[in-house]
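Text of the file run35.tsv, holding TSV, N, CA and C atoms:
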```tsv
chain	number	residue	atom	x	y	z
Q	1	GLN	N	136.89	27.44	105.99
Q	1	GLN	CA	136.72	28.88	105.96
Q	1	GLN	C	135.43	29.22	105.21
Q	2	LEU	N	134.56	29.98	105.87
Q	2	LEU	CA	133.31	30.38	105.24
Q	2	LEU	C	133.60	31.29	104.06
Q	3	ARG	N	133.02	30.95	102.93
Q	3	ARG	CA	133.17	31.78	101.73
Q	3	ARG	C	131.80	32.22	101.27
Q	4	LEU	N	131.67	33.52	101.02
Q	4	LEU	CA	130.40	34.09	100.60
Q	4	LEU	C	130.48	34.47	99.13
Q	5	VAL	N	129.39	34.24	98.44
Q	5	VAL	CA	129.33	34.54	97.01
Q	5	VAL	C	128.09	35.38	96.73
Q	6	GLU	N	128.31	36.60	96.27
Q	6	GLU	CA	127.20	37.48	95.90
Q	6	GLU	C	126.89	37.32	94.41
Q	7	SER	N	125.64	37.54	94.07
Q	7	SER	CA	125.24	37.56	92.66
Q	7	SER	C	124.02	38.44	92.51
Q	8	GLY	N	123.70	38.75	91.27
Q	8	GLY	CA	122.50	39.52	90.99
Q	8	GLY	C	122.75	40.95	90.59
Q	9	GLY	N	123.97	41.42	90.74
Q	9	GLY	CA	124.27	42.77	90.31
Q	9	GLY	C	124.14	42.92	88.81
Q	10	ALA	N	123.75	44.12	88.37
Q	10	ALA	CA	123.53	44.34	86.95
Q	10	ALA	C	123.41	45.83	86.67
Q	11	LEU	N	123.28	46.15	85.40
Q	11	LEU	CA	122.95	47.50	84.96
Q	11	LEU	C	121.43	47.59	84.90
Q	12	VAL	N	120.88	48.58	85.56
Q	12	VAL	CA	119.43	48.74	85.61
Q	12	VAL	C	119.08	50.21	85.43
Q	13	GLN	N	117.92	50.47	84.86
Q	13	GLN	CA	117.49	51.85	84.66
Q	13	GLN	C	116.94	52.44	85.95
Q	14	PRO	N	117.02	53.75	86.09
Q	14	PRO	CA	116.42	54.39	87.26
Q	14	PRO	C	114.96	53.99	87.43
Q	15	GLY	N	114.58	53.73	88.68
Q	15	GLY	CA	113.24	53.27	88.96
Q	15	GLY	C	113.08	51.77	88.93
Q	16	GLY	N	114.10	51.08	88.49
Q	16	GLY	CA	114.04	49.64	88.38
Q	16	GLY	C	114.33	48.93	89.68
Q	17	SER	N	114.32	47.62	89.61
Q	17	SER	CA	114.52	46.77	90.78
Q	17	SER	C	115.57	45.70	90.49
Q	18	LEU	N	116.21	45.25	91.56
Q	18	LEU	CA	117.15	44.13	91.49
Q	18	LEU	C	117.02	43.33	92.77
Q	19	ARG	N	117.32	42.06	92.67
Q	19	ARG	CA	117.43	41.23	93.86
Q	19	ARG	C	118.82	40.62	93.89
Q	20	LEU	N	119.56	40.97	94.93
Q	20	LEU	CA	120.89	40.42	95.12
Q	20	LEU	C	120.81	39.17	95.98
Q	21	SER	N	121.71	38.24	95.72
Q	21	SER	CA	121.77	36.99	96.47
Q	21	SER	C	123.13	36.84	97.12
Q	22	CYS	N	123.12	36.22	98.28
Q	22	CYS	CA	124.35	35.92	99.01
Q	22	CYS	C	124.29	34.45	99.41
Q	23	ALA	N	125.20	33.66	98.90
Q	23	ALA	CA	125.24	32.23	99.18
Q	23	ALA	C	126.54	31.86	99.88
Q	24	ALA	N	126.52	30.73	100.56
Q	24	ALA	CA	127.69	30.24	101.29
Q	24	ALA	C	127.85	28.75	101.02
Q	25	PRO	N	128.45	28.41	99.90
Q	25	PRO	CA	128.57	26.99	99.54
Q	25	PRO	C	129.25	26.16	100.62
Q	26	GLY	N	128.58	25.09	101.04
Q	26	GLY	CA	129.16	24.19	102.02
Q	26	GLY	C	128.95	24.58	103.46
Q	27	PHE	N	128.33	25.74	103.71
Q	27	PHE	CA	128.11	26.20	105.08
Q	27	PHE	C	126.63	26.52	105.26
Q	28	ALA	N	126.11	26.28	106.45
Q	28	ALA	CA	124.72	26.59	106.74
Q	28	ALA	C	124.63	28.05	107.15
Q	29	LEU	N	124.22	28.88	106.20
Q	29	LEU	CA	124.19	30.31	106.43
Q	29	LEU	C	123.18	30.70	107.50
Q	30	GLU	N	122.23	29.83	107.80
Q	30	GLU	CA	121.20	30.13	108.79
Q	30	GLU	C	121.79	30.35	110.18
Q	31	HIS	N	122.98	29.87	110.42
Q	31	HIS	CA	123.61	30.01	111.74
Q	31	HIS	C	124.33	31.35	111.90
Q	32	TYR	N	124.36	32.16	110.86
Q	32	TYR	CA	125.09	33.41	110.89
Q	32	TYR	C	124.17	34.60	110.71
Q	33	ALA	N	124.55	35.70	111.35
Q	33	ALA	CA	123.97	36.97	110.95
Q	33	ALA	C	124.59	37.37	109.62
Q	34	VAL	N	123.79	37.89	108.73
Q	34	VAL	CA	124.28	38.30	107.42
Q	34	VAL	C	123.94	39.76	107.19
Q	35	GLY	N	124.95	40.51	106.82
Q	35	GLY	CA	124.74	41.92	106.53
Q	35	GLY	C	125.03	42.23	105.07
Q	36	TRP	N	124.33	43.24	104.57
Q	36	TRP	CA	124.63	43.79	103.25
Q	36	TRP	C	125.25	45.17	103.44
Q	37	PHE	N	126.30	45.41	102.69
Q	37	PHE	CA	127.00	46.68	102.68
Q	37	PHE	C	127.14	47.14	101.23
Q	38	ARG	N	127.46	48.41	101.07
Q	38	ARG	CA	127.76	48.87	99.72
Q	38	ARG	C	128.86	49.91	99.77
Q	39	GLN	N	129.57	50.02	98.66
Q	39	GLN	CA	130.64	51.01	98.56
Q	39	GLN	C	130.56	51.66	97.18
Q	40	ALA	N	130.24	52.93	97.20
Q	40	ALA	CA	130.18	53.69	95.95
Q	40	ALA	C	131.56	54.25	95.63
Q	41	PRO	N	131.81	54.58	94.38
Q	41	PRO	CA	133.12	55.12	94.00
Q	41	PRO	C	133.49	56.33	94.83
Q	42	GLY	N	134.67	56.31	95.43
Q	42	GLY	CA	135.16	57.44	96.20
Q	42	GLY	C	134.54	57.59	97.57
Q	43	LYS	N	133.73	56.62	97.98
Q	43	LYS	CA	133.07	56.72	99.29
Q	43	LYS	C	133.44	55.53	100.17
Q	44	GLU	N	133.19	55.68	101.45
Q	44	GLU	CA	133.44	54.59	102.38
Q	44	GLU	C	132.34	53.54	102.27
Q	45	ARG	N	132.69	52.35	102.69
Q	45	ARG	CA	131.70	51.27	102.72
Q	45	ARG	C	130.67	51.57	103.80
Q	46	GLU	N	129.40	51.40	103.47
Q	46	GLU	CA	128.33	51.69	104.41
Q	46	GLU	C	127.42	50.48	104.59
Q	47	GLY	N	126.88	50.36	105.80
Q	47	GLY	CA	125.97	49.27	106.09
Q	47	GLY	C	124.58	49.56	105.56
Q	48	VAL	N	123.96	48.55	104.99
Q	48	VAL	CA	122.63	48.69	104.43
Q	48	VAL	C	121.60	47.99	105.31
Q	49	SER	N	121.78	46.70	105.52
Q	49	SER	CA	120.76	45.91	106.22
Q	49	SER	C	121.39	44.66	106.79
Q	50	CYS	N	120.72	44.09	107.78
Q	50	CYS	CA	121.25	42.90	108.44
Q	50	CYS	C	120.09	42.00	108.84
Q	51	ILE	N	120.36	40.70	108.88
Q	51	ILE	CA	119.36	39.74	109.33
Q	51	ILE	C	120.03	38.78	110.30
Q	52	THR	N	119.36	38.52	111.41
Q	52	THR	CA	119.96	37.70	112.46
Q	52	THR	C	119.88	36.21	112.10
Q	53	PRO	N	120.64	35.38	112.81
Q	53	PRO	CA	120.58	33.94	112.54
Q	53	PRO	C	119.18	33.40	112.79
Q	54	THR	N	118.81	32.41	112.02
Q	54	THR	CA	117.46	31.85	112.13
Q	54	THR	C	117.18	31.29	113.52
Q	55	GLY	N	118.15	30.63	114.12
Q	55	GLY	CA	117.94	29.98	115.40
Q	55	GLY	C	118.20	30.86	116.61
Q	56	SER	N	118.48	32.11	116.40
Q	56	SER	CA	118.79	33.01	117.52
Q	56	SER	C	117.53	33.43	118.24
Q	57	SER	N	117.70	34.04	119.40
Q	57	SER	CA	116.55	34.50	120.17
Q	57	SER	C	115.74	35.54	119.41
Q	58	SER	N	116.38	36.27	118.51
Q	58	SER	CA	115.67	37.27	117.71
Q	58	SER	C	115.12	36.68	116.42
Q	59	GLY	N	115.49	35.43	116.15
Q	59	GLY	CA	114.83	34.65	115.11
Q	59	GLY	C	114.69	35.27	113.75
Q	60	GLY	N	115.79	35.70	113.14
Q	60	GLY	CA	115.68	36.20	111.79
Q	60	GLY	C	115.14	37.62	111.69
Q	61	SER	N	115.28	38.39	112.77
Q	61	SER	CA	114.85	39.78	112.70
Q	61	SER	C	115.83	40.58	111.86
Q	62	THR	N	115.42	41.76	111.47
Q	62	THR	CA	116.21	42.54	110.51
Q	62	THR	C	116.43	43.96	111.00
Q	63	THR	N	117.48	44.55	110.50
Q	63	THR	CA	117.71	45.98	110.66
Q	63	THR	C	117.94	46.58	109.27
Q	64	LEU	N	117.66	47.87	109.15
Q	64	LEU	CA	117.79	48.54	107.87
Q	64	LEU	C	118.15	49.99	108.12
Q	65	ALA	N	119.17	50.47	107.44
Q	65	ALA	CA	119.53	51.88	107.57
Q	65	ALA	C	118.37	52.75	107.10
Q	66	ASP	N	118.17	53.86	107.76
Q	66	ASP	CA	117.02	54.72	107.50
Q	66	ASP	C	116.92	55.15	106.04
Q	67	SER	N	118.06	55.36	105.41
Q	67	SER	CA	118.03	55.89	104.05
Q	67	SER	C	117.51	54.89	103.03
Q	68	PHE	N	117.33	53.65	103.44
Q	68	PHE	CA	116.86	52.61	102.52
Q	68	PHE	C	115.43	52.14	102.84
Q	69	LYS	N	114.86	52.68	103.89
Q	69	LYS	CA	113.53	52.23	104.28
Q	69	LYS	C	112.51	52.54	103.20
Q	70	GLY	N	111.65	51.56	102.97
Q	70	GLY	CA	110.65	51.70	101.93
Q	70	GLY	C	111.12	51.25	100.56
Q	71	ARG	N	112.43	50.99	100.42
Q	71	ARG	CA	112.96	50.59	99.11
Q	71	ARG	C	113.67	49.25	99.14
Q	72	PHE	N	114.43	48.97	100.19
Q	72	PHE	CA	115.24	47.75	100.27
Q	72	PHE	C	114.67	46.83	101.34
Q	73	THR	N	114.75	45.52	101.08
Q	73	THR	CA	114.29	44.52	102.03
Q	73	THR	C	115.26	43.35	102.03
Q	74	ILE	N	115.67	42.96	103.23
Q	74	ILE	CA	116.52	41.78	103.37
Q	74	ILE	C	115.67	40.59	103.78
Q	75	SER	N	116.05	39.42	103.30
Q	75	SER	CA	115.33	38.20	103.68
Q	75	SER	C	116.29	37.02	103.56
Q	76	ARG	N	115.87	35.90	104.11
Q	76	ARG	CA	116.69	34.71	103.96
Q	76	ARG	C	115.80	33.52	103.66
Q	77	ASP	N	116.33	32.62	102.85
Q	77	ASP	CA	115.66	31.37	102.54
Q	77	ASP	C	116.61	30.26	102.94
Q	78	ASP	N	116.35	29.65	104.06
Q	78	ASP	CA	117.28	28.64	104.57
Q	78	ASP	C	117.24	27.37	103.73
Q	79	THR	N	116.16	27.13	103.04
Q	79	THR	CA	116.13	25.95	102.16
Q	79	THR	C	117.07	26.14	100.97
Q	80	GLU	N	117.28	27.40	100.59
Q	80	GLU	CA	118.20	27.71	99.51
Q	80	GLU	C	119.57	28.12	100.03
Q	81	ASN	N	119.70	28.20	101.37
Q	81	ASN	CA	120.96	28.63	101.99
Q	81	ASN	C	121.43	29.96	101.42
Q	82	THR	N	120.50	30.89	101.31
Q	82	THR	CA	120.76	32.16	100.64
Q	82	THR	C	120.09	33.30	101.39
Q	83	VAL	N	120.76	34.44	101.40
Q	83	VAL	CA	120.19	35.68	101.92
Q	83	VAL	C	120.04	36.63	100.73
Q	84	TYR	N	118.91	37.32	100.69
Q	84	TYR	CA	118.60	38.20	99.58
Q	84	TYR	C	118.52	39.65	100.02
Q	85	LEU	N	118.78	40.54	99.07
Q	85	LEU	CA	118.51	41.96	99.26
Q	85	LEU	C	117.67	42.40	98.07
Q	86	GLN	N	116.40	42.66	98.33
Q	86	GLN	CA	115.50	43.17	97.30
Q	86	GLN	C	115.62	44.68	97.27
Q	87	MET	N	115.91	45.23	96.11
Q	87	MET	CA	116.11	46.67	95.97
Q	87	MET	C	115.14	47.20	94.94
Q	88	ASN	N	114.30	48.14	95.36
Q	88	ASN	CA	113.31	48.74	94.48
Q	88	ASN	C	113.56	50.23	94.33
Q	89	SER	N	112.93	50.83	93.35
Q	89	SER	CA	113.01	52.29	93.10
Q	89	SER	C	114.47	52.76	93.09
Q	90	LEU	N	115.27	52.06	92.35
Q	90	LEU	CA	116.70	52.37	92.31
Q	90	LEU	C	116.96	53.69	91.60
Q	91	SER	N	117.96	54.38	92.09
Q	91	SER	CA	118.38	55.65	91.49
Q	91	SER	C	119.88	55.59	91.22
Q	92	PRO	N	120.40	56.52	90.41
Q	92	PRO	CA	121.85	56.50	90.14
Q	92	PRO	C	122.70	56.55	91.41
Q	93	GLU	N	122.15	57.13	92.47
Q	93	GLU	CA	122.90	57.20	93.74
Q	93	GLU	C	123.08	55.83	94.39
Q	94	ASP	N	122.36	54.83	93.91
Q	94	ASP	CA	122.52	53.47	94.43
Q	94	ASP	C	123.62	52.70	93.72
Q	95	THR	N	124.23	53.33	92.74
Q	95	THR	CA	125.34	52.68	92.04
Q	95	THR	C	126.49	52.43	93.00
Q	96	ALA	N	126.90	51.18	93.12
Q	96	ALA	CA	127.94	50.80	94.07
Q	96	ALA	C	128.26	49.33	93.89
Q	97	ILE	N	129.32	48.91	94.56
Q	97	ILE	CA	129.57	47.49	94.73
Q	97	ILE	C	128.87	47.07	96.02
Q	98	TYR	N	128.09	46.03	95.94
Q	98	TYR	CA	127.35	45.54	97.09
Q	98	TYR	C	128.00	44.26	97.61
Q	99	TYR	N	128.23	44.25	98.91
Q	99	TYR	CA	128.90	43.13	99.56
Q	99	TYR	C	127.97	42.50	100.60
Q	100	CYS	N	128.05	41.20	100.73
Q	100	CYS	CA	127.44	40.57	101.89
Q	100	CYS	C	128.55	40.08	102.82
Q	101	ALA	N	128.20	39.97	104.08
Q	101	ALA	CA	129.15	39.59	105.10
Q	101	ALA	C	128.45	38.76	106.16
Q	102	ALA	N	129.19	37.87	106.81
Q	102	ALA	CA	128.61	37.01	107.84
Q	102	ALA	C	129.29	37.25	109.18
Q	103	GLY	N	128.49	37.24	110.21
Q	103	GLY	CA	129.01	37.42	111.56
Q	103	GLY	C	128.08	36.77	112.56
Q	104	TRP	N	128.03	37.30	113.76
Q	104	TRP	CA	127.30	36.65	114.84
Q	104	TRP	C	126.09	37.42	115.33
Q	105	GLY	N	125.95	38.66	114.94
Q	105	GLY	CA	124.80	39.44	115.39
Q	105	GLY	C	124.66	40.69	114.57
Q	106	CYS	N	123.48	41.32	114.69
Q	106	CYS	CA	123.20	42.50	113.88
Q	106	CYS	C	123.26	43.80	114.63
Q	107	GLY	N	123.25	43.77	115.94
Q	107	GLY	CA	123.20	45.03	116.67
Q	107	GLY	C	121.84	45.68	116.54
Q	108	TRP	N	121.79	46.96	116.87
Q	108	TRP	CA	120.50	47.66	116.91
Q	108	TRP	C	120.24	48.56	115.72
Q	109	GLY	N	121.25	48.86	114.97
Q	109	GLY	CA	121.06	49.76	113.84
Q	109	GLY	C	121.62	49.15	112.58
Q	110	PRO	N	122.03	49.99	111.62
Q	110	PRO	CA	122.62	49.44	110.40
Q	110	PRO	C	123.86	48.60	110.72
Q	111	PRO	N	124.16	47.61	109.93
Q	111	PRO	CA	125.34	46.79	110.22
Q	111	PRO	C	126.62	47.62	110.16
Q	112	VAL	N	127.57	47.23	111.01
Q	112	VAL	CA	128.87	47.90	111.04
Q	112	VAL	C	129.95	46.89	110.68
Q	113	ILE	N	130.95	47.37	109.99
Q	113	ILE	CA	131.96	46.49	109.42
Q	113	ILE	C	132.62	45.62	110.47
Q	114	ARG	N	132.94	46.16	111.63
Q	114	ARG	CA	133.72	45.44	112.62
Q	114	ARG	C	132.98	44.22	113.18
Q	115	ASP	N	131.68	44.13	112.98
Q	115	ASP	CA	130.90	43.01	113.53
Q	115	ASP	C	130.91	41.79	112.62
Q	116	PHE	N	131.54	41.88	111.46
Q	116	PHE	CA	131.46	40.80	110.48
Q	116	PHE	C	132.85	40.28	110.14
Q	117	ASP	N	132.97	38.96	110.17
Q	117	ASP	CA	134.27	38.32	109.98
Q	117	ASP	C	134.50	37.80	108.57
Q	118	TYR	N	133.44	37.53	107.85
Q	118	TYR	CA	133.56	36.88	106.55
Q	118	TYR	C	132.88	37.75	105.51
Q	119	TRP	N	133.56	37.91	104.37
Q	119	TRP	CA	133.08	38.83	103.34
Q	119	TRP	C	133.12	38.19	101.97
Q	120	GLY	N	132.16	38.57	101.14
Q	120	GLY	CA	132.20	38.17	99.75
Q	120	GLY	C	133.02	39.15	98.93
Q	121	GLN	N	133.11	38.87	97.65
Q	121	GLN	CA	133.91	39.69	96.74
Q	121	GLN	C	133.13	40.88	96.19
Q	122	GLY	N	131.83	40.86	96.37
Q	122	GLY	CA	131.03	41.98	95.91
Q	122	GLY	C	130.40	41.75	94.55
Q	123	THR	N	129.30	42.46	94.31
Q	123	THR	CA	128.62	42.42	93.02
Q	123	THR	C	128.28	43.86	92.62
Q	124	GLN	N	128.53	44.19	91.37
Q	124	GLN	CA	128.37	45.57	90.91
Q	124	GLN	C	126.92	45.85	90.54
Q	125	VAL	N	126.41	46.93	91.10
Q	125	VAL	CA	125.10	47.45	90.72
Q	125	VAL	C	125.29	48.82	90.10
Q	126	THR	N	124.82	48.98	88.89
Q	126	THR	CA	124.91	50.26	88.19
Q	126	THR	C	123.52	50.68	87.78
Q	127	VAL	N	123.15	51.88	88.22
Q	127	VAL	CA	121.83	52.42	87.88
Q	127	VAL	C	122.04	53.59	86.94
Q	128	SER	N	121.60	53.42	85.72
Q	128	SER	CA	121.85	54.45	84.70
Q	128	SER	C	120.86	54.26	83.56
Q	129	SER	N	120.51	55.38	82.95
Q	129	SER	CA	119.66	55.32	81.77
Q	129	SER	C	120.49	55.28	80.50
```
Could I get this structure in the form of structure tokens?
Amino acid sequence: QLRLVESGGALVQPGGSLRLSCAAPGFALEHYAVGWFRQAPGKEREGVSCITPTGSSSGGSTTLADSFKGRFTISRDDTENTVYLQMNSLSPEDTAIYYCAAGWGCGWGPPVIRDFDYWGQGTQVTVSS
């Protein structure tokens, strides 16, 4: 069973940056599409960004929800078997639990929950002064 492990969440000041990591011990994450989602207190889980499998016809292409453009970037390092979410210019509204998930494709827009079969436990990001 594929198990995902997120890390990198922390308390950060407004305007700061964080890089979240998603690892899959014992599994080659390059064969999966990986999405990042977040869930803020009292809100539904929302899709942030997705990256396609390295060997797919789209070859590691990415999608990003419009509200994160210019601030968040998804990437993968297959030598580290890890997918990253670089988050810049953070604001208190970015406070949430961030989850990574693995599936088979990214679709055309932000990732949607139903497309992903495997989920991590989440990592807390808190943006506060």
Handout entry: Distance query Gly122 (chain Q) at most 6.5 Å, only N, CA and C atoms, self and fewer than 5 positions along chain excluded, as a PyMOL selection string
Key = chain Q and resi 6-7+97-100
Edge lengths and centre, in Å to one decimal, as AutoDock Vina command-line options: that's what I need for the box along x, y and z that holds all listed atoms of region 26-32 of chain Q plus 3 Å on each side.
```
--center_x 125.2 --center_y 29.4 --center_z 106.5 --size_x 14.0 --size_y 16.4 --size_z 16.9
```
Skip Pro92 (chain Q) itself and residues of its chain fewer than 5 positions away, then list as an NGL selection string all residues within 7 Å of it, counting only C-alpha atoms.
:Q and (14 or 127-128)
Please return as JSON, numbers by chain: the residues of chain Q that backbone DSSP assigns to strand (DSSP E or B). {"Q": [5, 6, 7, 11, 12, 18, 19, 20, 21, 22, 23, 33, 34, 35, 36, 37, 38, 39, 46, 47, 48, 49, 50, 51, 62, 63, 64, 72, 73, 74, 75, 76, 77, 82, 83, 84, 85, 86, 87, 96, 97, 98, 99, 100, 101, 102, 103, 116, 117, 118, 119, 123, 124, 125, 126, 127]}
Of the residues Q:Leu4, Q:Leu20, Q:Gly26, Q:Glu44, which is the one nearest to Tyr84 (chain Q), using only N, CA and C atoms?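 The closest residue to Tyr84 (chain Q) is Q:Leu20.
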### Top pick for closest residue to Cys50 (chain Q), considering Q:Leu2, Q:Met87, Q:Ile74, Q:Leu11 and counting only N, CA and C atoms
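Of all the options, Q:Ile74 lies closest to Cys50 (chain Q).
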Among the residues of chain Q, find those DSSP assigns to helix (DSSP H, G or I) from the backbone and print them as a PyMOL selection string. chain Q and resi 29-31+66-68+92-94+113-115
Quiz prompt | Which residue of Q:Asp115, Q:Cys106, Q:Gln1, Q:Ala101 approaches Trp36 (chain Q) most closely, using all atoms listed in the file | solution =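 Smallest separation from Trp36 (chain Q) among the options: Q:Ala101.
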_What's around Ala33 (chain Q) at 5 Å? Count all atoms listed in the file, leave out sequence neighbours fewer than 2 positions away in its own chain, and write the answer as an MDAnalysis selection string._
chainID Q and resid 31 35 51:53 102:105
